[in-house]
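As stored in start.txt (compact mmCIF, C-alpha atoms and all ligand atoms):
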```txt
# COMPACT_ATOMS: atom_id res chain seq x y z
CA MET A 1 63.40 -120.13 -85.01
CA GLU A 2 60.55 -117.68 -84.60
CA LYS A 3 60.23 -116.31 -81.10
CA LYS A 4 56.85 -116.53 -79.45
CA VAL A 5 55.53 -113.33 -77.96
CA LEU A 6 52.41 -112.87 -75.88
CA ILE A 7 50.91 -109.38 -76.07
CA VAL A 8 48.70 -108.42 -73.14
CA ASP A 9 46.67 -105.25 -73.60
CA ASP A 10 43.00 -104.52 -72.97
CA ASP A 11 43.02 -102.25 -76.01
CA ARG A 12 42.20 -104.54 -78.91
CA GLU A 13 43.31 -102.12 -81.56
CA MET A 14 46.68 -101.87 -79.90
CA CYS A 15 46.98 -105.65 -79.78
CA THR A 16 46.18 -105.88 -83.46
CA VAL A 17 48.66 -103.32 -84.62
CA LEU A 18 51.41 -104.52 -82.28
CA GLY A 19 50.73 -108.05 -83.46
CA ASP A 20 50.93 -107.03 -87.12
CA ILE A 21 54.19 -105.23 -86.55
CA LEU A 22 55.78 -108.11 -84.72
CA GLU A 23 54.57 -110.65 -87.26
CA CYS A 24 56.13 -108.49 -89.94
CA HIS A 25 59.38 -108.85 -88.08
CA HIS A 26 59.15 -112.59 -87.80
CA TYR A 27 57.77 -113.04 -84.36
CA GLN A 28 55.06 -115.52 -83.64
CA VAL A 29 52.32 -113.57 -81.89
CA ASN A 30 49.57 -114.41 -79.47
CA VAL A 31 47.33 -111.88 -77.77
CA ALA A 32 45.40 -111.66 -74.52
CA TYR A 33 42.99 -108.84 -73.77
CA ASP A 34 43.36 -109.08 -70.04
CA GLY A 35 45.67 -110.60 -67.50
CA LEU A 36 43.43 -113.53 -66.62
CA GLN A 37 43.29 -114.59 -70.23
CA ALA A 38 47.04 -114.15 -70.33
CA ILE A 39 47.54 -116.44 -67.36
CA LYS A 40 45.38 -119.05 -69.02
CA LYS A 41 47.42 -118.83 -72.21
CA THR A 42 50.67 -119.24 -70.35
CA HIS A 43 49.30 -122.47 -68.91
CA GLU A 44 48.59 -123.80 -72.36
CA GLN A 45 51.84 -122.89 -74.06
CA LYS A 46 55.31 -121.56 -73.51
CA PHE A 47 56.29 -118.04 -74.57
CA ASP A 48 59.69 -116.50 -75.16
CA LEU A 49 58.54 -113.05 -74.08
CA ILE A 50 55.53 -111.22 -72.66
CA LEU A 51 54.73 -107.67 -73.71
CA LEU A 52 52.54 -106.27 -70.97
CA ASP A 53 50.49 -103.09 -70.76
CA VAL A 54 50.12 -101.47 -67.33
CA CYS A 55 46.76 -99.72 -67.44
CA MET A 56 44.17 -102.44 -67.62
CA PRO A 57 40.89 -102.68 -65.78
CA ILE A 58 40.57 -104.74 -62.60
CA PHE A 59 44.13 -106.01 -62.36
CA SER A 60 46.95 -103.77 -63.50
CA GLY A 61 49.91 -104.89 -65.54
CA PHE A 62 52.07 -104.54 -62.46
CA TRP A 63 49.90 -106.99 -60.63
CA PHE A 64 50.27 -109.52 -63.44
CA CYS A 65 53.96 -108.91 -63.71
CA SER A 66 54.46 -110.04 -60.15
CA ALA A 67 52.01 -112.90 -60.66
CA PHE A 68 53.96 -114.16 -63.69
CA LYS A 69 57.23 -113.84 -61.84
CA ASN A 70 55.90 -115.95 -58.97
CA LYS A 71 54.60 -118.73 -61.17
CA PRO A 72 57.10 -121.53 -61.91
CA ASP A 73 56.07 -121.85 -65.56
CA THR A 74 56.47 -118.14 -66.34
CA LYS A 75 59.13 -117.19 -63.82
CA ASN A 76 61.90 -117.12 -66.40
CA VAL A 77 59.96 -115.55 -69.25
CA PRO A 78 61.20 -112.00 -69.82
CA ILE A 79 58.50 -109.38 -69.39
CA VAL A 80 58.58 -106.05 -71.15
CA ILE A 81 56.23 -103.52 -69.58
CA MET A 82 54.74 -100.72 -71.65
CA SER A 83 52.93 -97.76 -70.24
CA GLY A 84 52.04 -94.16 -70.81
CA LEU A 85 52.47 -93.42 -67.15
CA PRO A 86 55.21 -91.00 -66.15
CA THR A 87 58.48 -92.84 -66.07
CA GLU A 88 60.69 -92.63 -62.97
CA LYS A 89 58.52 -94.35 -60.38
CA ASN A 90 56.98 -96.83 -62.77
CA GLU A 91 60.25 -97.80 -64.30
CA GLU A 92 61.49 -98.49 -60.82
CA GLN A 93 58.43 -100.50 -59.94
CA ALA A 94 58.65 -102.47 -63.15
CA ALA A 95 62.26 -103.32 -62.38
CA ASN A 96 61.43 -104.27 -58.81
CA LEU A 97 58.75 -106.63 -60.03
CA GLY A 98 61.24 -108.34 -62.28
CA ALA A 99 60.42 -106.83 -65.67
CA ILE A 100 63.38 -106.86 -68.00
CA ALA A 101 62.54 -103.55 -69.70
CA TYR A 102 60.15 -100.62 -69.60
CA LEU A 103 58.75 -98.96 -72.71
CA LYS A 104 57.34 -95.49 -72.25
CA LYS A 105 54.39 -94.84 -74.56
CA PRO A 106 54.36 -93.40 -77.13
CA PHE A 107 57.32 -95.28 -78.48
CA LYS A 108 58.62 -95.73 -81.99
CA ILE A 109 58.48 -99.16 -83.60
CA GLU A 110 62.22 -99.09 -83.99
CA LEU A 111 62.62 -98.82 -80.24
CA LEU A 112 60.13 -101.58 -79.60
CA LEU A 113 62.06 -103.94 -81.87
CA LYS A 114 65.35 -103.01 -80.29
CA VAL A 115 64.03 -103.54 -76.77
CA LEU A 116 62.51 -106.91 -77.63
CA ALA A 117 65.65 -108.15 -79.32
CA LYS A 118 67.76 -107.06 -76.38
CA ALA A 119 65.41 -108.62 -73.84
CA LEU A 120 65.44 -111.95 -75.67
CA ASN A 121 69.20 -111.83 -75.95
CA GLU A 122 69.80 -111.05 -72.32
CA ASN A 123 67.45 -113.76 -71.28
CA ALA A 124 69.17 -116.31 -73.49
CA GLU A 125 72.48 -115.51 -71.82
CA ASN A 126 71.20 -116.30 -68.35
CA MET B 1 74.70 -58.59 -64.93
CA ASN B 2 73.37 -56.97 -61.84
CA TRP B 3 71.54 -59.36 -59.61
CA LYS B 4 71.82 -57.15 -56.56
CA ARG B 5 68.70 -55.30 -57.51
CA HIS B 6 66.35 -58.09 -56.54
CA LYS B 7 65.02 -57.97 -53.04
CA PRO B 8 65.06 -61.29 -51.27
CA ASN B 9 62.81 -60.03 -48.52
CA SER B 10 59.92 -59.08 -50.70
CA PHE B 11 58.29 -62.41 -51.36
CA PRO B 12 55.70 -61.90 -54.02
CA GLU B 13 52.00 -62.51 -53.88
CA PRO B 14 50.75 -65.45 -55.91
CA PRO B 15 50.74 -64.32 -59.50
CA PRO B 16 47.33 -63.35 -60.91
CA TRP B 17 47.21 -66.20 -63.42
CA GLU B 18 47.25 -68.67 -60.57
CA THR B 19 43.84 -67.77 -59.28
CA GLY B 20 41.42 -70.48 -58.31
CA VAL B 21 39.36 -70.75 -61.45
CA GLU B 22 42.25 -71.23 -63.82
CA LYS B 23 43.87 -73.68 -61.51
CA LYS B 24 40.72 -75.77 -61.32
CA GLN B 25 40.42 -75.73 -65.06
CA LEU B 26 43.98 -76.84 -65.44
CA GLU B 27 43.42 -79.71 -63.04
CA LEU B 28 40.30 -80.75 -64.87
CA PHE B 29 42.11 -80.57 -68.15
CA ALA B 30 44.92 -82.64 -66.72
CA ASP B 31 42.50 -85.34 -65.70
CA VAL B 32 40.88 -85.51 -69.10
CA ALA B 33 44.21 -85.28 -70.82
CA SER B 34 45.72 -88.16 -68.94
CA HIS B 35 43.12 -90.65 -70.07
CA ASP B 36 41.09 -89.55 -73.00
CA LEU B 37 43.54 -87.49 -74.97
CA ARG B 38 46.61 -89.57 -74.66
CA GLU B 39 45.34 -92.85 -75.90
CA PRO B 40 44.16 -91.78 -79.36
CA LEU B 41 47.31 -89.74 -79.72
CA GLU B 42 49.48 -92.71 -78.99
CA LYS B 43 47.64 -94.55 -81.70
CA ILE B 44 48.15 -91.81 -84.25
CA ILE B 45 51.86 -92.05 -83.58
CA PHE B 46 51.86 -95.78 -83.66
CA PHE B 47 49.79 -96.24 -86.80
CA GLY B 48 51.69 -93.45 -88.50
CA ASP B 49 54.97 -95.09 -87.70
CA PHE B 50 53.67 -98.43 -88.89
CA ILE B 51 52.47 -96.98 -92.19
CA LYS B 52 55.88 -95.45 -92.68
CA GLN B 53 57.65 -98.74 -92.00
CA ARG B 54 55.33 -100.95 -93.90
CA TYR B 55 54.20 -98.88 -96.85
CA GLY B 56 56.78 -96.09 -96.89
CA ALA B 57 58.69 -97.66 -99.74
CA GLY B 58 55.64 -97.40 -102.00
CA MET B 59 55.11 -93.70 -101.33
CA ASP B 60 56.74 -90.79 -103.03
CA GLU B 61 59.01 -88.34 -101.23
CA LYS B 62 56.17 -85.95 -100.48
CA GLY B 63 53.96 -88.61 -98.95
CA ARG B 64 56.71 -89.73 -96.65
CA ASP B 65 57.40 -86.13 -95.66
CA TYR B 66 53.74 -85.53 -94.75
CA LEU B 67 53.67 -88.69 -92.72
CA GLU B 68 56.83 -87.70 -90.91
CA ARG B 69 55.34 -84.33 -90.04
CA MET B 70 52.17 -85.91 -88.79
CA ILE B 71 54.10 -88.20 -86.47
CA GLY B 72 56.27 -85.30 -85.33
CA SER B 73 53.26 -83.15 -84.46
CA ALA B 74 51.57 -85.92 -82.57
CA MET B 75 54.77 -86.55 -80.63
CA ARG B 76 54.97 -82.89 -79.74
CA MET B 77 51.41 -82.87 -78.54
CA SER B 78 52.02 -85.94 -76.46
CA ARG B 79 54.97 -84.22 -74.81
CA LEU B 80 52.85 -81.16 -74.15
CA ILE B 81 50.20 -83.24 -72.45
CA GLU B 82 52.82 -84.84 -70.30
CA ASP B 83 54.19 -81.47 -69.26
CA ILE B 84 50.73 -80.28 -68.29
CA LEU B 85 50.23 -83.40 -66.23
CA GLU B 86 53.53 -82.86 -64.52
CA PHE B 87 52.49 -79.31 -63.76
CA SER B 88 49.24 -80.37 -62.20
CA ARG B 89 50.86 -83.18 -60.25
CA LEU B 90 53.34 -80.79 -58.76
CA THR B 91 50.60 -78.42 -57.77
CA SER B 92 48.24 -80.90 -56.19
CA ARG B 93 50.72 -83.00 -54.27
CA THR B 94 51.43 -82.44 -50.63
CA PHE B 95 55.09 -82.48 -49.93
CA GLU B 96 57.59 -83.77 -47.46
CA MET B 97 59.93 -81.37 -45.74
CA LYS B 98 63.25 -82.91 -44.82
CA PRO B 99 66.83 -81.73 -44.58
CA VAL B 100 68.25 -81.82 -48.09
CA ASP B 101 71.75 -81.26 -49.31
CA LEU B 102 71.48 -78.99 -52.34
CA MET B 103 74.89 -80.12 -53.48
CA GLY B 104 73.70 -83.70 -53.70
CA ILE B 105 70.56 -82.72 -55.57
CA VAL B 106 72.42 -80.67 -58.14
CA ARG B 107 74.84 -83.55 -58.67
CA GLU B 108 71.92 -85.89 -59.22
CA VAL B 109 70.42 -83.52 -61.79
CA ILE B 110 73.74 -83.26 -63.60
CA SER B 111 74.12 -86.99 -63.74
CA ASP B 112 70.58 -87.40 -65.07
CA LEU B 113 71.30 -84.84 -67.77
CA GLU B 114 74.56 -86.48 -68.74
CA VAL B 115 73.58 -87.26 -72.31
CA ARG B 116 72.51 -83.70 -73.03
CA ILE B 117 75.58 -82.32 -71.32
CA GLN B 118 77.85 -84.44 -73.47
CA GLU B 119 76.00 -83.72 -76.69
CA SER B 120 76.19 -79.99 -76.11
CA ASN B 121 79.69 -80.10 -74.70
CA ALA B 122 78.49 -78.16 -71.67
CA LEU B 123 80.68 -77.30 -68.74
CA ILE B 124 78.87 -77.10 -65.43
CA GLU B 125 80.59 -75.63 -62.43
CA VAL B 126 79.04 -76.20 -59.03
CA GLY B 127 80.15 -74.07 -56.10
CA LYS B 128 79.62 -74.96 -52.49
CA LEU B 129 75.91 -75.22 -51.78
CA PRO B 130 74.23 -75.33 -48.38
CA ALA B 131 71.75 -77.78 -46.91
CA ILE B 132 68.19 -76.63 -46.31
CA THR B 133 64.86 -78.01 -45.18
CA ALA B 134 62.78 -78.71 -48.24
CA ASP B 135 61.02 -81.31 -50.36
CA SER B 136 63.87 -82.99 -52.17
CA LYS B 137 61.73 -84.14 -55.13
CA GLN B 138 60.53 -80.61 -55.76
CA ILE B 139 63.98 -79.13 -55.42
CA TYR B 140 65.26 -81.74 -57.85
CA HIS B 141 62.64 -80.60 -60.37
CA LEU B 142 63.57 -76.99 -59.78
CA PHE B 143 67.22 -77.53 -60.69
CA LEU B 144 66.36 -79.97 -63.45
CA ASN B 145 64.26 -77.32 -65.17
CA LEU B 146 66.78 -74.54 -64.68
CA ILE B 147 69.82 -76.51 -65.79
CA SER B 148 67.93 -78.03 -68.75
CA ASN B 149 67.04 -74.51 -69.84
CA ALA B 150 70.61 -73.34 -69.47
CA ILE B 151 71.73 -76.16 -71.75
CA LYS B 152 68.86 -75.76 -74.21
CA PHE B 153 69.07 -72.01 -74.72
CA ARG B 154 72.75 -72.06 -75.62
CA LYS B 155 74.48 -70.17 -78.39
CA LYS B 156 75.20 -72.09 -81.54
CA GLU B 157 78.79 -70.98 -81.72
CA GLU B 158 79.81 -71.42 -78.10
CA SER B 159 79.59 -74.41 -75.78
CA PRO B 160 77.45 -73.77 -72.75
CA ARG B 161 79.08 -72.79 -69.51
CA ILE B 162 76.82 -73.03 -66.52
CA ILE B 163 77.53 -72.01 -62.97
CA VAL B 164 75.50 -73.02 -59.95
CA ARG B 165 76.60 -71.31 -56.79
CA SER B 166 75.29 -69.83 -53.58
CA LEU B 167 75.63 -66.22 -52.52
CA GLU B 168 76.67 -64.83 -49.19
CA GLU B 169 73.78 -64.80 -46.78
CA GLU B 170 71.83 -61.66 -47.55
CA GLU B 171 69.02 -62.25 -45.20
CA ALA B 172 69.11 -64.20 -41.98
CA GLY B 173 67.73 -67.68 -42.31
CA HIS B 174 67.68 -67.66 -46.11
CA VAL B 175 69.91 -69.05 -48.80
CA THR B 176 70.36 -67.57 -52.25
CA ILE B 177 71.34 -69.80 -55.13
CA VAL B 178 72.23 -68.61 -58.60
CA VAL B 179 72.09 -70.57 -61.83
CA GLU B 180 73.77 -68.67 -64.61
CA ASP B 181 74.67 -69.43 -68.18
CA ASN B 182 76.42 -67.92 -71.18
CA GLY B 183 73.56 -68.74 -73.55
CA ILE B 184 71.37 -66.67 -75.82
CA GLY B 185 69.81 -64.76 -72.91
CA PHE B 186 66.73 -62.56 -73.26
CA GLU B 187 65.66 -58.95 -72.94
CA GLN B 188 65.28 -57.97 -69.32
CA GLN B 189 61.79 -56.61 -69.98
CA PHE B 190 60.54 -60.21 -70.36
CA ALA B 191 61.98 -61.37 -67.04
CA ASP B 192 58.57 -61.72 -65.37
CA GLN B 193 56.66 -62.95 -68.37
CA ILE B 194 58.73 -66.12 -68.77
CA PHE B 195 57.43 -67.47 -65.47
CA LYS B 196 53.87 -67.63 -66.78
CA PRO B 197 52.62 -70.97 -68.08
CA PHE B 198 53.10 -71.41 -71.83
CA GLU B 199 55.03 -68.16 -72.25
CA ARG B 200 58.03 -68.64 -74.50
CA LEU B 201 60.36 -66.11 -76.03
CA HIS B 202 61.94 -68.41 -78.55
CA SER B 203 60.34 -70.29 -81.37
CA GLN B 204 59.34 -73.91 -81.13
CA SER B 205 61.28 -74.75 -84.26
CA ASP B 206 64.56 -73.42 -82.82
CA TYR B 207 64.16 -74.57 -79.24
CA GLU B 208 61.51 -77.09 -78.44
CA GLY B 209 59.49 -77.04 -75.24
CA SER B 210 56.07 -76.23 -73.88
CA GLY B 211 56.83 -73.20 -71.75
CA LEU B 212 55.90 -74.82 -68.48
CA GLY B 213 59.33 -75.37 -66.94
CA LEU B 214 59.76 -71.98 -65.31
CA SER B 215 56.21 -71.75 -64.05
CA ILE B 216 56.79 -75.07 -62.33
CA CYS B 217 60.00 -73.64 -60.85
CA GLN B 218 58.15 -70.64 -59.57
CA ARG B 219 55.46 -72.72 -57.96
CA ILE B 220 57.99 -74.90 -56.24
CA VAL B 221 59.98 -71.99 -54.89
CA MET B 222 56.89 -70.11 -53.73
CA ALA B 223 55.47 -73.14 -52.02
CA HIS B 224 58.68 -73.29 -50.04
CA GLY B 225 58.22 -69.68 -49.02
CA GLY B 226 60.94 -68.37 -51.30
CA CYS B 227 61.18 -66.41 -54.52
CA ILE B 228 62.80 -66.70 -57.91
CA ASN B 229 63.90 -63.93 -60.25
CA ALA B 230 65.39 -63.84 -63.70
CA ARG B 231 68.02 -61.57 -65.19
CA GLY B 232 68.88 -61.70 -68.83
CA VAL B 233 70.99 -59.95 -71.40
CA ALA B 234 70.10 -60.81 -74.97
CA GLY B 235 73.00 -62.52 -76.66
CA LYS B 236 75.05 -62.73 -73.47
CA GLY B 237 73.38 -65.03 -71.00
CA SER B 238 70.85 -65.47 -68.26
CA MET B 239 70.82 -65.77 -64.55
CA PHE B 240 68.16 -67.21 -62.28
CA ILE B 241 68.26 -66.20 -58.65
CA ILE B 242 66.49 -68.34 -56.09
CA THR B 243 66.01 -67.40 -52.47
CA LEU B 244 64.78 -70.09 -50.11
CA PRO B 245 64.33 -70.21 -46.35
CA LYS B 246 66.85 -72.53 -44.72
CA VAL B 247 64.23 -74.00 -42.45
CA GLU B 248 60.59 -73.62 -43.19
CA LYS B 249 58.90 -72.12 -40.20
CA GLU B 250 55.32 -73.04 -39.53
CA ALA B 251 54.88 -75.79 -42.09
CA GLY B 252 58.18 -77.42 -41.23
CA ARG B 253 56.73 -80.80 -40.44
CA GLY B 254 54.28 -82.80 -42.35
CA GLU B 255 52.15 -81.48 -45.09
CA LYS B 256 51.43 -78.32 -46.83
CA SER B 257 49.31 -77.84 -49.89
CA PHE B 258 50.45 -75.97 -52.91
CA ASP B 259 48.03 -73.06 -52.70
CA CYS B 260 50.50 -70.26 -52.41
N1 LIG C 1 68.49 -70.06 -69.56
C1 LIG C 1 67.71 -69.40 -70.42
N2 LIG C 1 68.27 -68.61 -71.39
C2 LIG C 1 67.49 -67.94 -72.26
N3 LIG C 1 66.14 -67.99 -72.29
C3 LIG C 1 65.54 -68.73 -71.36
C4 LIG C 1 66.28 -69.47 -70.38
N4 LIG C 1 65.41 -70.14 -69.59
C5 LIG C 1 64.17 -69.81 -70.06
N5 LIG C 1 64.24 -68.98 -71.12
C6 LIG C 1 63.10 -68.40 -71.88
O1 LIG C 1 61.93 -68.53 -71.10
C7 LIG C 1 60.96 -69.32 -71.75
C8 LIG C 1 60.18 -70.14 -70.75
O2 LIG C 1 61.00 -71.13 -70.16
P1 LIG C 1 60.36 -72.49 -69.69
O3 LIG C 1 61.41 -73.33 -69.05
O4 LIG C 1 59.16 -72.16 -68.90
O5 LIG C 1 59.85 -73.14 -71.04
P2 LIG C 1 60.60 -74.03 -72.14
O6 LIG C 1 61.97 -74.39 -71.70
O7 LIG C 1 60.46 -73.32 -73.43
O8 LIG C 1 59.69 -75.32 -72.18
P3 LIG C 1 59.65 -76.54 -71.13
O9 LIG C 1 60.49 -76.12 -69.94
O10 LIG C 1 58.22 -76.67 -70.77
O11 LIG C 1 60.21 -77.68 -71.86
C9 LIG C 1 61.75 -70.15 -72.73
O12 LIG C 1 60.97 -70.54 -73.84
C10 LIG C 1 62.86 -69.19 -73.15
O13 LIG C 1 62.38 -68.32 -74.16
MG MG C 2 62.34 -75.26 -69.76
```
Structure encoded using structure tokens:
Amino acid sequence: MEKKVLIVDDDREMCTVLGDILECHHYQVNVAYDGLQAIKKTHEQKFDLILLDVCMPIFSGFWFCSAFKNKPDTKNVPIVIMSGLPTEKNEEQAANLGAIAYLKKPFKIELLLKVLAKALNENAEN
Amino acid sequence: MNWKRHKPNSFPEPPPWETGVEKKQLELFADVASHDLREPLEKIIFFGDFIKQRYGAGMDEKGRDYLERMIGSAMRMSRLIEDILEFSRLTSRTFEMKPVDLMGIVREVISDLEVRIQESNALIEVGKLPAITADSKQIYHLFLNLISNAIKFRKKEESPRIIVRSLEEEEAGHVTIVVEDNGIGFEQQFADQIFKPFERLHSQSDYEGSGLGLSICQRIVMAHGGCINARGVAGKGSMFIITLPKVEKEAGRGEKSFDC
């Protein structure tokens, strides 16, 4: 069955290209251009994974990560955080907030696909 | 190699290229770079990669090669921007002085470099190192840069052997640490030049990097009230000698800015 992924990024171009790539690789894709929209979408339907950008206006990806993790309907949805911010600290913060993986931008598509597959796998095991 | 010739008591003046104007410009550039330069660059990489994946099969060899080069260049630029940001972060941050065990820091660096150490089959020997009062994050970066260099600038035909050790106390209240390698080395006449930002002696195609590592090292050491010197013999190896005060005197507690 096709896995449902929600992409959250304020950069529309990024959403489009990420969406195209994932659709190419048999994911079912939905996009949200900010976290509030994302929260609304997660009310309406269930996702297998959320791909979340950090640098967004008003509320950062980190903020939404913790929000998703505290909401019963999204608590168990694996979240992959992507960011161009310097790693170390952010990777740590992402992990502390319950994200399953951290993708440092710029990343290669190959890596993205690997990380998503692994995240979905790990989540299925638990 | 004769390291005795350096004088630990003559702590140098801030180098001329670190004067106010250039520093301000670098900070400004770093600000712009972090937001406005990085985003389009990330997209070039991303779109390029996507074109390769999606339409690569329909291109001829040459087309794929051009695309590959384009992605490679953009990646390199992205790394360069990151290094500049790192440089400016290290220079604008205030830092925390605490007792740090150099031994522990060097071990941490070695464990973080594990992949590169294994790939290059490097042997790293760590002698007994003292504890000092310093900013542990900065000192971590110092050894990370030095040990990464020692691994990177290795000879093709010989696995790297790296020694990190401390010398007998030469000056009261100071420690001297040496990082030496059996790599490709350099001509001694360039020993000062390599500490300047963006100065590199070896070509990008043979050894990649932006030429910021050692200037970061120098800033860190100077901000701690110490000094760093390089000794090299082309084809034989290099040695970096760091002298640091054991306890920082006046700025021992709290904050100190990086204007050395
Ligand atoms: N251990 C070493 N052996 C031989 N040459 C060295 C060594 N360390 C530094 N160098 C020379 O000094 C130059 C500057 O070093 P530096 O660490 O500043 O830059 P880099 O390693 O080229 O790039 P970066 O550290 O920014 O990735 C290097 O390009 C190299 O030519
Ligand atoms: Mg270096």
>> What's the separation between CA of Phe50 in chain B and CA of Leu6 in chain A, in Å to one decimal place?
In response: 19.5 Å
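Across the structure, CA of Lys152 in chain B and CA of Asp135 in chain B are spaced 25.7 Å apart.
Considering all atoms listed in the file, the residue among B:Val115, B:Val109, B:Ile139, B:Leu80 positioned nearest to ligand LIG 1 (chain C) is B:Leu80.
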>> as a PyMOL selection string, please: every protein or nucleic acid residue near ligand LIG 1 (chain C) (cut-off 6 Å, counting all atoms listed in the file).
In response: chain B and resi 149-150+153+183-186+194+199-202+209-215+238
> Using all atoms listed in the file, which of the listed residues (B:Gly58, B:Gly63, B:Gly237, B:Gly72) sits closest to chain A?
Replying inline: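 Of all the options, B:Gly72 lies closest to chain A.
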Within 9 Å of chain A, which residues of chain B show up? Give each one with its shortest atom-to-atom distance in Å (one decimal) and the two atoms involved, counting all atoms listed in the file, rows by chain then rising residue number, as a Markdown table.
```
| residue | atom | partner | partner_atom | distance |
| --- | --- | --- | --- | --- |
| B:Ser34 | CA | A:Leu85 | CA | 8.7 |
| B:Arg38 | CA | A:Gly84 | CA | 8.1 |
| B:Glu39 | CA | A:Gly84 | CA | 8.5 |
| B:Leu41 | CA | A:Pro106 | CA | 8.4 |
| B:Glu42 | CA | A:Pro106 | CA | 5.3 |
| B:Lys43 | CA | A:Met14 | CA | 7.6 |
| B:Ile45 | CA | A:Pro106 | CA | 7.0 |
| B:Phe46 | CA | A:Lys108 | CA | 7.0 |
| B:Phe47 | CA | A:Val17 | CA | 7.5 |
| B:Asp49 | CA | A:Ile109 | CA | 6.8 |
| B:Phe50 | CA | A:Ile109 | CA | 7.2 |
| B:Gln53 | CA | A:Ile109 | CA | 8.5 |
| B:Arg54 | CA | A:Cys24 | CA | 8.6 |
| B:Met75 | CA | A:Pro106 | CA | 7.7 |
| B:Ser78 | CA | A:Pro106 | CA | 7.8 |
| B:Glu82 | CA | A:Pro86 | CA | 7.8 |
| B:Glu86 | CA | A:Pro86 | CA | 8.5 |
```
> Nearest to ligand MG 2 (chain C): which of B:Ile228, B:Ile151, B:Ala131, B:Ile124 is it, counting all atoms listed in the file?
Replying inline: B:Ile151
>> List as a list in words the residues having at least one atom at most 7 Å from position (58.2, -91.1, -98.6) as given in the file, counting all atoms listed in the file.
In response: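 Residues close enough to count: Gly56, Ala57, Met59, Asp60, Glu61, Lys62, Gly63, Arg64 and Asp65 of chain B.
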